[in-house]
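S.K.: Sharing protein-v1.tsv (TSV, C-alpha atoms and all ligand atoms) below.
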```tsv
chain	number	residue	atom	x	y	z
W	1	MET	CA	0.00	0.00	0.00
W	2	THR	CA	1.35	3.38	-1.00
W	3	GLU	CA	1.47	6.17	1.51
W	4	LYS	CA	-1.21	8.75	0.85
W	5	LYS	CA	0.06	12.25	0.50
W	6	MET	CA	-2.17	15.31	0.94
W	7	THR	CA	-2.64	17.26	-2.27
W	8	ASP	CA	-1.20	20.76	-2.03
W	9	LYS	CA	-4.19	23.03	-2.59
W	10	LEU	CA	-2.99	25.97	-4.62
W	11	PHE	CA	-6.41	27.65	-4.59
W	12	TYR	CA	-5.84	28.52	-0.93
W	13	GLN	CA	-2.66	30.40	-1.80
W	14	ASP	CA	-4.17	32.18	-4.78
W	15	SER	CA	-7.81	31.98	-5.81
W	16	ARG	CA	-6.89	33.66	-9.12
W	17	LEU	CA	-4.53	30.91	-10.21
W	18	SER	CA	-5.87	29.52	-13.47
W	19	GLY	CA	-2.84	27.54	-14.66
W	20	PHE	CA	-0.25	25.49	-12.78
W	21	GLU	CA	2.35	22.75	-13.12
W	22	ALA	CA	2.20	19.53	-11.16
W	23	GLU	CA	3.50	15.99	-10.94
W	24	VAL	CA	1.21	13.04	-11.47
W	25	ILE	CA	1.26	10.98	-8.25
W	26	SER	CA	-1.17	8.29	-9.23
W	27	CYS	CA	-3.63	7.39	-11.96
W	28	GLY	CA	-6.16	4.58	-12.02
W	29	PRO	CA	-9.39	3.68	-13.76
W	30	MET	CA	-12.45	5.03	-12.02
W	31	GLU	CA	-14.54	2.34	-10.39
W	32	GLY	CA	-17.73	1.58	-12.27
W	33	GLU	CA	-17.09	4.25	-14.92
W	34	LYS	CA	-15.70	3.03	-18.23
W	35	GLY	CA	-13.23	5.39	-19.90
W	36	ARG	CA	-12.87	7.55	-16.76
W	37	TYR	CA	-9.68	7.93	-14.74
W	38	GLU	CA	-8.86	9.26	-11.29
W	39	ILE	CA	-5.70	11.29	-11.18
W	40	VAL	CA	-3.93	12.55	-8.05
W	41	LEU	CA	-1.34	15.32	-8.37
W	42	ASP	CA	1.19	16.67	-5.89
W	43	GLN	CA	-0.60	20.02	-6.12
W	44	THR	CA	-3.66	21.47	-7.82
W	45	ALA	CA	-5.65	24.63	-8.47
W	46	PHE	CA	-8.82	22.64	-9.22
W	47	PHE	CA	-11.41	23.17	-6.51
W	48	PRO	CA	-13.33	19.95	-5.80
W	49	GLU	CA	-17.09	19.62	-5.53
W	50	GLY	CA	-18.35	20.47	-2.07
W	51	GLY	CA	-20.34	22.83	0.07
W	52	GLY	CA	-23.14	23.04	-2.48
W	53	GLN	CA	-20.77	24.02	-5.28
W	54	TYR	CA	-19.91	21.90	-8.30
W	55	ALA	CA	-16.30	21.11	-9.20
W	56	ASP	CA	-14.02	23.10	-11.49
W	57	HIS	CA	-13.46	21.94	-15.05
W	58	GLY	CA	-10.46	22.27	-17.36
W	59	SER	CA	-7.55	20.19	-18.61
W	60	LEU	CA	-4.53	18.26	-17.26
W	61	GLY	CA	-1.89	17.64	-19.91
W	62	GLY	CA	-3.96	16.29	-22.79
W	63	ALA	CA	-6.73	15.04	-20.54
W	64	GLU	CA	-10.05	16.76	-19.94
W	65	VAL	CA	-11.06	17.27	-16.30
W	66	LEU	CA	-14.71	16.23	-16.02
W	67	ASP	CA	-15.10	16.33	-12.25
W	68	VAL	CA	-13.01	16.84	-9.12
W	69	GLN	CA	-13.60	15.12	-5.79
W	70	GLU	CA	-11.82	15.23	-2.46
W	71	ARG	CA	-11.30	12.21	-0.21
W	72	ASP	CA	-9.01	12.09	2.84
W	73	SER	CA	-7.31	15.38	1.91
W	74	GLN	CA	-6.49	14.03	-1.54
W	75	VAL	CA	-7.93	15.68	-4.61
W	76	PHE	CA	-9.05	13.29	-7.37
W	77	HIS	CA	-9.30	14.68	-10.87
W	78	ILE	CA	-11.74	12.67	-12.94
W	79	THR	CA	-10.46	12.68	-16.53
W	80	ASP	CA	-11.30	11.16	-19.90
W	81	ARG	CA	-7.82	9.65	-20.38
W	82	PRO	CA	-4.99	8.33	-18.19
W	83	LEU	CA	-1.73	10.13	-17.36
W	84	GLU	CA	1.55	8.40	-16.52
W	85	PRO	CA	2.59	8.68	-12.81
W	86	GLY	CA	5.79	10.68	-12.45
W	87	MET	CA	4.92	12.91	-15.41
W	88	GLN	CA	5.13	16.66	-15.10
W	89	ILE	CA	1.96	18.15	-16.53
W	90	LYS	CA	0.29	21.50	-16.98
W	91	GLY	CA	-3.12	22.09	-15.50
W	92	GLN	CA	-5.49	24.67	-16.91
W	93	LEU	CA	-8.79	25.67	-15.32
W	94	ASP	CA	-11.85	26.77	-17.25
W	95	TRP	CA	-11.22	30.20	-15.84
W	96	GLU	CA	-14.42	31.86	-17.02
W	97	GLU	CA	-16.44	29.23	-15.19
W	98	ARG	CA	-14.31	29.40	-12.04
W	99	PHE	CA	-14.43	33.20	-11.91
W	100	MET	CA	-18.21	33.10	-12.42
W	101	LYS	CA	-18.50	30.69	-9.47
W	102	MET	CA	-16.34	32.93	-7.30
W	103	GLN	CA	-18.66	35.82	-8.17
W	104	GLN	CA	-21.70	33.81	-7.07
W	105	HIS	CA	-20.01	32.47	-3.98
W	106	THR	CA	-18.73	35.80	-2.73
W	107	GLY	CA	-22.14	37.35	-3.45
W	108	GLU	CA	-23.67	34.64	-1.30
W	109	HIS	CA	-21.46	35.67	1.63
W	110	ILE	CA	-22.62	39.27	1.38
W	111	VAL	CA	-26.32	38.38	1.14
W	112	SER	CA	-26.16	35.74	3.88
W	113	GLY	CA	-24.21	38.13	6.11
W	114	LEU	CA	-26.80	40.88	5.57
W	115	VAL	CA	-29.73	38.52	6.20
W	116	HIS	CA	-28.02	37.19	9.33
W	117	GLY	CA	-27.25	40.67	10.59
W	118	ARG	CA	-30.73	42.04	9.97
W	119	PHE	CA	-32.98	39.06	10.82
W	120	GLY	CA	-30.67	36.65	12.63
W	121	TYR	CA	-31.54	33.91	10.14
W	122	ASN	CA	-28.99	31.30	9.16
W	123	ASN	CA	-28.18	30.14	5.69
W	124	VAL	CA	-29.20	26.50	6.06
W	125	GLY	CA	-28.71	25.44	2.45
W	126	PHE	CA	-26.53	26.71	-0.35
W	127	HIS	CA	-26.57	25.41	-3.88
W	128	LEU	CA	-24.48	26.79	-6.70
W	129	GLY	CA	-25.88	25.12	-9.78
W	130	SER	CA	-25.20	25.39	-13.47
W	131	GLU	CA	-28.07	27.85	-13.95
W	132	ASP	CA	-28.43	29.84	-10.76
W	133	CYS	CA	-27.59	29.92	-7.12
W	134	THR	CA	-30.02	29.34	-4.26
W	135	MET	CA	-29.76	30.08	-0.55
W	136	ASP	CA	-32.15	28.72	2.06
W	137	PHE	CA	-32.73	30.88	5.12
W	138	SER	CA	-34.25	29.75	8.40
W	139	GLY	CA	-36.94	32.45	8.50
W	140	GLU	CA	-39.32	34.40	6.31
W	141	ILE	CA	-38.26	37.33	4.15
W	142	THR	CA	-40.76	39.38	2.15
W	143	ARG	CA	-40.16	40.54	-1.42
W	144	GLU	CA	-39.92	44.10	-0.16
W	145	GLU	CA	-37.28	43.15	2.42
W	146	LEU	CA	-35.44	41.20	-0.23
W	147	ARG	CA	-35.26	44.29	-2.45
W	148	GLU	CA	-33.73	46.21	0.44
W	149	ILE	CA	-31.19	43.43	1.03
W	150	GLU	CA	-30.37	43.49	-2.68
W	151	VAL	CA	-29.60	47.22	-2.64
W	152	GLU	CA	-27.48	46.82	0.50
W	153	ALA	CA	-25.62	43.90	-1.05
W	154	ASN	CA	-24.82	45.94	-4.16
W	155	ARG	CA	-23.54	48.76	-1.96
W	156	ALA	CA	-21.01	46.26	-0.61
W	157	VAL	CA	-19.98	45.59	-4.22
W	158	TRP	CA	-19.57	49.30	-5.01
W	159	LYS	CA	-17.36	49.76	-1.95
W	160	ASN	CA	-14.92	47.32	-3.58
W	161	LEU	CA	-13.96	45.84	-0.21
W	162	GLU	CA	-11.08	43.43	0.20
W	163	VAL	CA	-12.17	39.86	0.86
W	164	GLN	CA	-9.95	38.74	3.72
W	165	VAL	CA	-8.98	35.20	4.63
W	166	LEU	CA	-7.94	34.41	8.21
W	167	TYR	CA	-6.53	31.22	9.70
W	168	PRO	CA	-7.17	31.67	13.44
W	169	SER	CA	-5.83	29.30	16.08
W	170	PRO	CA	-8.52	27.24	17.87
W	171	GLU	CA	-8.32	29.67	20.84
W	172	GLU	CA	-8.66	32.72	18.59
W	173	ALA	CA	-11.49	31.06	16.67
W	174	GLY	CA	-13.27	30.32	19.95
W	175	LYS	CA	-13.45	34.04	20.67
W	176	MET	CA	-14.57	35.02	17.17
W	177	GLU	CA	-18.13	35.55	16.04
W	178	TYR	CA	-18.66	33.97	12.66
W	179	ARG	CA	-21.22	32.13	10.60
W	180	SER	CA	-20.40	28.51	9.99
W	181	LYS	CA	-22.17	26.27	7.56
W	182	ILE	CA	-20.58	22.95	8.41
W	183	GLU	CA	-18.66	21.34	11.23
W	184	ILE	CA	-15.01	22.00	10.51
W	185	GLU	CA	-12.17	19.65	11.30
W	186	GLY	CA	-8.61	20.91	11.60
W	187	GLN	CA	-7.57	24.38	10.57
W	188	ILE	CA	-10.44	26.84	10.44
W	189	ARG	CA	-10.49	29.21	7.49
W	190	ILE	CA	-12.47	32.39	8.05
W	191	VAL	CA	-13.58	34.61	5.18
W	192	VAL	CA	-14.21	38.23	6.13
W	193	ILE	CA	-16.01	40.86	4.09
W	194	PRO	CA	-15.49	43.85	6.38
W	195	GLY	CA	-18.77	45.23	7.69
W	196	TYR	CA	-20.83	42.52	6.00
W	197	ASP	CA	-19.84	38.99	6.80
W	198	VAL	CA	-17.55	36.75	8.80
W	199	CYS	CA	-17.94	33.12	7.87
W	200	ALA	CA	-16.02	29.87	7.98
W	201	CYS	CA	-15.59	28.76	4.39
W	202	CYS	CA	-13.09	26.77	2.35
W	203	ALA	CA	-14.12	27.76	-1.18
W	204	PRO	CA	-12.30	30.24	-3.42
W	205	HIS	CA	-13.61	33.82	-3.50
W	206	VAL	CA	-12.88	36.96	-5.49
W	207	LYS	CA	-10.23	39.25	-4.00
W	208	ARG	CA	-12.33	42.39	-3.90
W	209	THR	CA	-16.11	42.71	-3.80
W	210	GLY	CA	-16.07	44.92	-6.91
W	211	GLU	CA	-15.23	41.82	-8.96
W	212	ILE	CA	-18.71	40.44	-8.23
W	213	GLY	CA	-20.07	43.09	-10.60
W	214	MET	CA	-23.71	42.87	-9.59
W	215	ILE	CA	-25.88	40.95	-7.15
W	216	LYS	CA	-29.42	40.29	-8.35
W	217	LEU	CA	-31.93	38.46	-6.18
W	218	THR	CA	-34.41	37.13	-8.71
W	219	ASP	CA	-36.82	35.15	-6.57
W	220	VAL	CA	-37.95	34.29	-3.06
W	221	GLN	CA	-40.18	31.32	-2.24
W	222	ARG	CA	-41.41	29.82	1.03
W	223	TYR	CA	-39.30	26.76	1.76
W	224	LYS	CA	-39.26	24.40	4.76
W	225	GLY	CA	-40.41	26.97	7.30
W	226	GLY	CA	-38.13	29.64	5.85
W	227	VAL	CA	-37.38	30.92	2.38
W	228	ARG	CA	-35.35	29.95	-0.65
W	229	VAL	CA	-33.75	32.92	-2.37
W	230	THR	CA	-32.48	32.70	-5.94
W	231	MET	CA	-29.49	34.84	-6.83
W	232	LEU	CA	-27.52	35.74	-9.95
W	233	CYS	CA	-24.18	37.52	-9.67
W	234	GLY	CA	-21.78	39.10	-12.16
W	235	ILE	CA	-21.83	37.56	-15.62
W	236	ARG	CA	-24.97	35.58	-14.82
W	237	ALA	CA	-26.85	38.74	-13.81
W	238	LEU	CA	-25.69	40.39	-17.05
W	239	LYS	CA	-26.82	37.43	-19.17
W	240	ASP	CA	-30.17	37.41	-17.38
W	241	TYR	CA	-30.53	41.15	-18.09
W	242	GLU	CA	-29.72	40.55	-21.78
W	243	MET	CA	-32.32	37.80	-22.03
W	244	LYS	CA	-34.98	39.87	-20.29
W	245	GLN	CA	-34.20	42.93	-22.39
W	246	GLU	CA	-34.52	40.87	-25.57
W	247	GLN	CA	-37.85	39.44	-24.44
W	248	THR	CA	-39.17	42.81	-23.33
W	249	ALA	CA	-38.11	44.47	-26.59
W	250	GLU	CA	-39.91	41.83	-28.60
W	251	ILE	CA	-43.06	42.02	-26.46
W	252	SER	CA	-42.92	45.82	-26.68
W	253	ALA	CA	-42.71	45.73	-30.49
W	254	LEU	CA	-45.52	43.17	-30.76
W	255	LEU	CA	-47.80	45.25	-28.54
W	256	CYS	CA	-46.67	48.63	-29.90
W	257	ALA	CA	-46.15	49.68	-26.29
W	258	LYS	CA	-43.25	51.34	-24.52
W	259	THR	CA	-41.08	48.80	-22.71
W	260	GLU	CA	-42.11	50.18	-19.31
W	261	GLU	CA	-45.80	49.82	-20.26
W	262	THR	CA	-45.84	46.28	-21.61
W	263	ALA	CA	-47.58	44.79	-18.57
W	264	LEU	CA	-50.34	47.37	-18.85
W	265	ALA	CA	-50.67	46.64	-22.58
W	266	VAL	CA	-50.93	42.89	-21.92
W	267	ARG	CA	-53.61	43.49	-19.29
W	268	ARG	CA	-55.62	45.55	-21.80
W	269	MET	CA	-55.17	42.89	-24.44
W	270	LYS	CA	-56.40	40.18	-22.05
W	271	GLU	CA	-59.47	42.26	-21.28
W	272	GLU	CA	-60.13	42.74	-25.01
W	273	CYS	CA	-59.74	39.00	-25.50
W	274	SER	CA	-62.28	38.10	-22.86
W	275	ASP	CA	-64.69	40.73	-24.30
W	276	LEU	CA	-64.29	39.19	-27.73
W	277	LYS	CA	-64.83	35.69	-26.37
W	278	TYR	CA	-68.05	36.86	-24.77
W	279	GLN	CA	-69.19	38.51	-28.02
W	280	ILE	CA	-68.40	35.37	-30.00
W	281	THR	CA	-70.43	33.26	-27.56
W	282	GLU	CA	-73.38	35.65	-27.96
W	283	LYS	CA	-73.08	35.56	-31.76
W	284	ASP	CA	-72.89	31.74	-31.67
W	285	ARG	CA	-76.11	31.73	-29.69
W	286	LEU	CA	-77.80	33.95	-32.29
W	287	LEU	CA	-76.42	31.91	-35.17
W	288	ALA	CA	-77.67	28.70	-33.57
W	289	ALA	CA	-81.13	30.24	-33.13
W	290	TYR	CA	-81.30	31.45	-36.77
W	291	ARG	CA	-80.08	28.09	-38.05
W	292	ALA	CA	-82.68	26.26	-35.98
W	293	ASP	CA	-85.45	28.49	-37.32
W	294	LEU	CA	-84.55	27.44	-40.89
W	295	VAL	CA	-85.60	23.86	-40.13
W	296	PRO	CA	-89.15	23.22	-41.37
W	297	ASP	CA	-91.57	22.43	-38.55
W	298	GLU	CA	-92.73	19.19	-40.15
W	299	GLU	CA	-89.24	17.61	-40.35
W	300	GLU	CA	-89.27	14.75	-37.84
W	301	ALA	CA	-85.60	13.79	-37.98
W	302	VAL	CA	-83.19	16.68	-38.34
W	303	CYS	CA	-79.59	16.33	-39.47
W	304	ILE	CA	-77.48	19.48	-39.73
W	305	PHE	CA	-73.91	19.63	-41.05
W	306	THR	CA	-72.08	22.85	-40.36
W	307	GLU	CA	-68.60	24.33	-40.43
W	308	ASP	CA	-69.60	27.45	-38.50
W	309	ILE	CA	-71.42	26.30	-35.40
W	310	ALA	CA	-69.01	24.62	-33.00
W	311	GLY	CA	-68.65	23.72	-29.34
W	312	GLU	CA	-71.36	24.82	-26.95
W	313	ALA	CA	-73.43	26.33	-29.80
W	314	MET	CA	-73.98	22.87	-31.30
W	315	ARG	CA	-75.92	21.90	-28.19
W	316	LEU	CA	-77.84	25.20	-28.29
W	317	LEU	CA	-78.81	24.53	-31.91
W	318	MET	CA	-79.90	20.96	-31.10
W	319	ASN	CA	-82.02	22.06	-28.14
W	320	ARG	CA	-83.62	24.83	-30.14
W	321	VAL	CA	-84.54	22.36	-32.92
W	322	LEU	CA	-85.93	19.92	-30.34
W	323	GLU	CA	-88.32	22.58	-29.00
W	324	LYS	CA	-90.54	21.50	-31.89
W	325	GLU	CA	-92.06	17.99	-32.08
W	326	ARG	CA	-89.16	15.83	-33.50
W	327	LYS	CA	-87.85	12.28	-33.26
W	328	LEU	CA	-84.27	13.44	-33.00
W	329	CYS	CA	-81.81	16.12	-33.96
W	330	ALA	CA	-78.16	15.53	-34.94
W	331	VAL	CA	-75.67	18.37	-35.38
W	332	PHE	CA	-72.30	17.78	-37.01
W	333	TYR	CA	-69.38	20.18	-37.01
W	334	GLY	CA	-66.42	19.60	-39.31
W	335	ASN	CA	-65.85	18.16	-42.78
W	336	ASP	CA	-65.38	14.83	-44.53
W	337	ALA	CA	-61.59	15.14	-44.65
W	338	ASP	CA	-60.87	16.01	-41.01
W	339	GLY	CA	-63.83	14.29	-39.40
W	340	TYR	CA	-66.74	15.54	-37.35
W	341	ARG	CA	-67.77	16.39	-33.84
W	342	TYR	CA	-71.36	15.47	-33.20
W	343	VAL	CA	-74.21	15.96	-30.75
W	344	ILE	CA	-77.40	13.95	-31.13
W	345	GLY	CA	-80.44	14.52	-28.95
W	346	SER	CA	-84.00	13.44	-28.53
W	347	ARG	CA	-86.80	14.10	-26.04
W	348	LYS	CA	-88.54	10.82	-26.83
W	349	ASN	CA	-85.91	8.21	-27.65
W	350	ASP	CA	-82.83	6.87	-25.87
W	351	MET	CA	-79.81	7.98	-27.89
W	352	ARG	CA	-77.20	5.81	-26.16
W	353	MET	CA	-77.69	2.69	-28.27
W	354	LEU	CA	-77.88	4.83	-31.40
W	355	ALA	CA	-74.51	6.44	-30.48
W	356	LYS	CA	-72.95	3.04	-29.97
W	357	GLU	CA	-74.07	1.83	-33.41
W	358	PHE	CA	-73.14	5.14	-35.00
W	359	ASN	CA	-69.63	5.00	-33.52
W	360	ALA	CA	-69.24	1.45	-34.80
W	361	ALA	CA	-70.33	2.49	-38.31
W	362	PHE	CA	-68.19	5.64	-38.53
W	363	SER	CA	-65.07	4.90	-36.39
W	364	GLY	CA	-66.47	7.18	-33.73
W	365	ARG	CA	-65.95	7.74	-30.04
W	366	GLY	CA	-68.30	9.15	-27.47
W	367	GLY	CA	-71.54	8.64	-25.62
W	368	GLY	CA	-73.69	10.37	-23.05
W	369	LYS	CA	-77.13	10.37	-21.49
W	370	PRO	CA	-80.40	9.01	-22.95
W	371	GLU	CA	-81.46	12.51	-24.07
W	372	MET	CA	-78.12	13.56	-25.50
W	373	VAL	CA	-74.93	11.93	-26.80
W	374	GLN	CA	-71.81	13.54	-28.17
W	375	GLY	CA	-68.51	12.50	-29.69
W	376	THR	CA	-66.36	12.39	-32.79
W	377	ALA	CA	-66.67	10.37	-36.00
W	378	LYS	CA	-65.15	9.99	-39.43
W	379	GLY	CA	-66.97	9.51	-42.72
W	380	SER	CA	-68.86	11.30	-45.45
W	381	ALA	CA	-71.69	13.68	-44.60
W	382	SER	CA	-74.06	12.03	-47.07
W	383	GLU	CA	-73.51	8.55	-45.61
W	384	MET	CA	-73.95	9.79	-42.05
W	385	ARG	CA	-77.11	11.64	-42.98
W	386	ALA	CA	-78.53	8.54	-44.71
W	387	TRP	CA	-77.61	6.40	-41.67
W	388	ILE	CA	-79.33	8.80	-39.22
W	389	PHE	CA	-82.50	9.03	-41.34
W	390	GLU	CA	-82.69	5.26	-41.64
W	391	LYS	CA	-82.41	4.84	-37.86
W	392	ALA	CA	-84.95	7.58	-37.28
W	393	GLY	CA	-87.35	5.75	-39.58
W	394	ASP	CA	-87.57	2.91	-37.00
W	395	MET	CA	-88.25	5.34	-34.15
W	396	GLN	CA	-91.42	6.68	-32.67
P	1	ZN	ZN	-17.26	31.08	0.83
```
Go through the file and emit its structure as structure tokens.
M.R.:
Amino acid sequence: MTEKKMTDKLFYQDSRLSGFEAEVISCGPMEGEKGRYEIVLDQTAFFPEGGGQYADHGSLGGAEVLDVQERDSQVFHITDRPLEPGMQIKGQLDWEERFMKMQQHTGEHIVSGLVHGRFGYNNVGFHLGSEDCTMDFSGEITREELREIEVEANRAVWKNLEVQVLYPSPEEAGKMEYRSKIEIEGQIRIVVIPGYDVCACCAPHVKRTGEIGMIKLTDVQRYKGGVRVTMLCGIRALKDYEMKQEQTAEISALLCAKTEETALAVRRMKEECSDLKYQITEKDRLLAAYRADLVPDEEEAVCIFTEDIAGEAMRLLMNRVLEKERKLCAVFYGNDADGYRYVIGSRKNDMRMLAKEFNAAFSGRGGGKPEMVQGTAKGSASEMRAWIFEKAGDMQ
């Protein structure tokens, strides 16, 4: 058994280190993962997954770093190809991604520090995902309060404060007031944003708060007796702004409304829509009544094919026709090519058996009550009409 050596963690010396040289200590196939290798180096700038944050990506020699995990103080780089132990290699981080994560992470400290200072709530869950960043707090925060926190947090950015890292002795740490997310073994690392936050944390952060760029709190939802706040910092906030601006510009053009009045324009449009729907329903009613009045009084079985009277109005038409003495009334909406919707009613005869036979004859579906059946069917209008009249001939 080889002696395990701790990986030298270069990200603690310099969080801005994007490239480094290292020696390959060991390399082996990853258990259960074909074509994946676990590589240990003497030192690394790759920050492993942990504390709610996903691992850094990048390259080692010619190998791609797909994931990074830490076990027993050793950092394992999961790669797509093996590297020879003893080799000197160059490591390169996906710096844009790492810097973006440091923006989110440092922003989280400021927001959590402000929330803790103002409400006394703890951050009980932090997740830095590939889309956004969420923080769970142990108490309720309103949208209004969140807006105030957001402004305060951005003030901390504008002040361009130095993000300090302290390594206190256990005695010193015992006397310090700081937020701590997890139980820490060994050396405690305290991250200080003067005036805003003091927190035990082992992740890399930006050096000055100005590098965060912007802190945008996009959502707050009730969550497990507290709230879950969604945050976008720096480049993510900018991208979100771009997307929203694009959407707003398009909506604004479509509505011919100023961008700051789009919501009002949509509300008006919705009102117009519901007015129009109401008017259409009223016109359908009228149309159904006029169509019914065209049916001669002496017609005992009525079969109407229409491409204008649909939905609820079909039933209105049928009922209107049945006000006169009839055996039945069938209303069809549609055409031979696409098929028909139907309603068939009678005040004297049970329509359920008729519907069953009709469905069988015209690949239909549907059913209903004795006085009314409805469904869909396929076939030609003339054949359906003939079929209905024939059935009606046997009825009372
Ligand atoms: Zn941190």
S.K.: Return as a PyMOL selection string the residues of protein, DNA or RNA that approach ligand ZN 1 (chain P) to within 9 Å, with only C-alpha atoms and all ligand atoms taken into account.
M.R.: chain W and resi 51+102+105-106+108-109+190-191+199-205
S.K.: Which is closest to Lys9 of chain W among W:Glu70, W:Glu148, W:Glu282, W:Glu172, if we use all atoms listed in the file?
M.R.: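 Once distances to Lys9 of chain W are computed over all atoms listed in the file, the minimum belongs to W:Glu70.
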S.K.: For the atom pair atom CA of Gly367 of chain W and atom CA of Met384 of chain W, what is the interatomic distance in Å to one decimal place?
M.R.: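 That distance, rounded to one decimal, is 16.6 Å.
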S.K.: Considering only C-alpha atoms, can you say which of W:Thr281, W:Gln221, W:Gln164, W:Gln74 comes closest to Asp136 of chain W?
M.R.: W:Gln221
S.K.: Determine the nearest neighbour of Ala386 of chain W from the options W:Leu287, W:Cys303, W:Val295, W:Met6, counting all atoms listed in the file.
M.R.: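 Closest to Ala386 of chain W, using all atoms listed in the file: W:Cys303.
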S.K.: Skipping near chain neighbours, those fewer than 6 positions away, what residues fall within 12 Å of Ala237 of chain W using only C-alpha atoms, listed as a list of chain:residue names?
M.R.: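 Selected residues are W:Met100, W:Gln103, W:Gln104, W:Gly107, W:Glu131, W:Asp132, W:Cys133, W:Ile212, W:Gly213, W:Met214, W:Ile215, W:Lys216, W:Leu217, W:Thr218, W:Thr230, W:Met231, W:Met243, W:Lys244.
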S.K.: What's the separation between atom CA of Ser15 of chain W and atom CA of Val75 of chain W, in Å to one decimal place?
M.R.: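 These atoms are spaced 16.3 Å apart.
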S.K.: Output, as lines of an AutoDock Vina configuration file, the centre and edge lengths in Å (one decimal) of the axis-aligned box that contains all listed atoms of segment 282-297 of chain W with 4 Å of margin on each side.
M.R.:
```
center_x = -82.2
center_y = 29.0
center_z = -34.7
size_x = 26.7
size_y = 21.2
size_z = 21.4
```
S.K.: Mind pulling up the distance from atom CA of Val165 of chain W to atom CA of Glu150 of chain W?
M.R.: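 Those two atoms sit 24.1 Å apart.
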S.K.: Quick one: residues within 12 Å of Ile149 of chain W, only C-alpha atoms counted, chain neighbours fewer than 6 positions away excluded, as a ChimeraX atom specification?
M.R.: /W:107-108,110-119,141-143,155-156,196,215-217,229,231
S.K.: Using all atoms listed in the file, which residues sit within 10 Å of Tyr37 of chain W once same-chain residues fewer than 5 positions away are excluded, as JSON, numbers by chain?
M.R.: {"W": [27, 28, 29, 30, 31, 63, 65, 66, 76, 77, 78, 79, 80, 81, 82, 83]}
S.K.: Considering all atoms listed in the file, return as a PyMOL selection string whatever protein or nucleic-acid residues lie within 9 Å of Asn349 of chain W, sequence-local ones (same chain, fewer than 6 positions apart) excluded.
M.R.: chain W and resi 327-328+370-371+395-396
S.K.: Considering all atoms listed in the file, return as a short mmCIF file (atom, residue, chain, number, x, y, z; two decimals) with C-alpha atoms, in the coordinates of the input whatever protein or nucleic-acid residues lie within 10 Å of Ser26 of chain W, sequence-local ones (same chain, fewer than 6 positions apart) excluded.
M.R.:
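Writing the result to selection-v1.cif gives the following:
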```
data_model
loop_
_atom_site.label_atom_id
_atom_site.label_comp_id
_atom_site.auth_asym_id
_atom_site.auth_seq_id
_atom_site.Cartn_x
_atom_site.Cartn_y
_atom_site.Cartn_z
CA THR W 2 1.35 3.38 -1.00
CA GLU W 38 -8.86 9.26 -11.29
CA ILE W 39 -5.70 11.29 -11.18
CA VAL W 40 -3.93 12.55 -8.05
CA LEU W 41 -1.34 15.32 -8.37
CA ASP W 42 1.19 16.67 -5.89
CA PHE W 76 -9.05 13.29 -7.37
CA PRO W 82 -4.99 8.33 -18.19
CA LEU W 83 -1.73 10.13 -17.36
CA GLU W 84 1.55 8.40 -16.52
CA PRO W 85 2.59 8.68 -12.81
CA GLY W 86 5.79 10.68 -12.45
CA MET W 87 4.92 12.91 -15.41
#
```
S.K.: Just checking: using all atoms listed in the file, which residue out of W:Arg365, W:Arg267, W:Lys356, W:Lys348 ends up closest to Cys329 of chain W?
M.R.: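 Using all atoms listed in the file, the shortest distance to Cys329 of chain W belongs to W:Lys348.
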S.K.: Identify which of the residues W:Ser138, W:Asn154, W:Gln247, W:Thr259 lies closest to Cys233 of chain W, counting all atoms listed in the file when measuring atom-to-atom distances.
M.R.: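 Going through W:Ser138, W:Asn154, W:Gln247, W:Thr259 one by one, the smallest distance to Cys233 of chain W is for W:Asn154.
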S.K.: Point out the residue among W:Ala381, W:Leu255, W:Ala301, W:Ala55 with the least atom-to-atom distance to Asp67 of chain W, counting only C-alpha atoms.
M.R.: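 Ranked by minimum distance to Asp67 of chain W, first place goes to W:Ala55.
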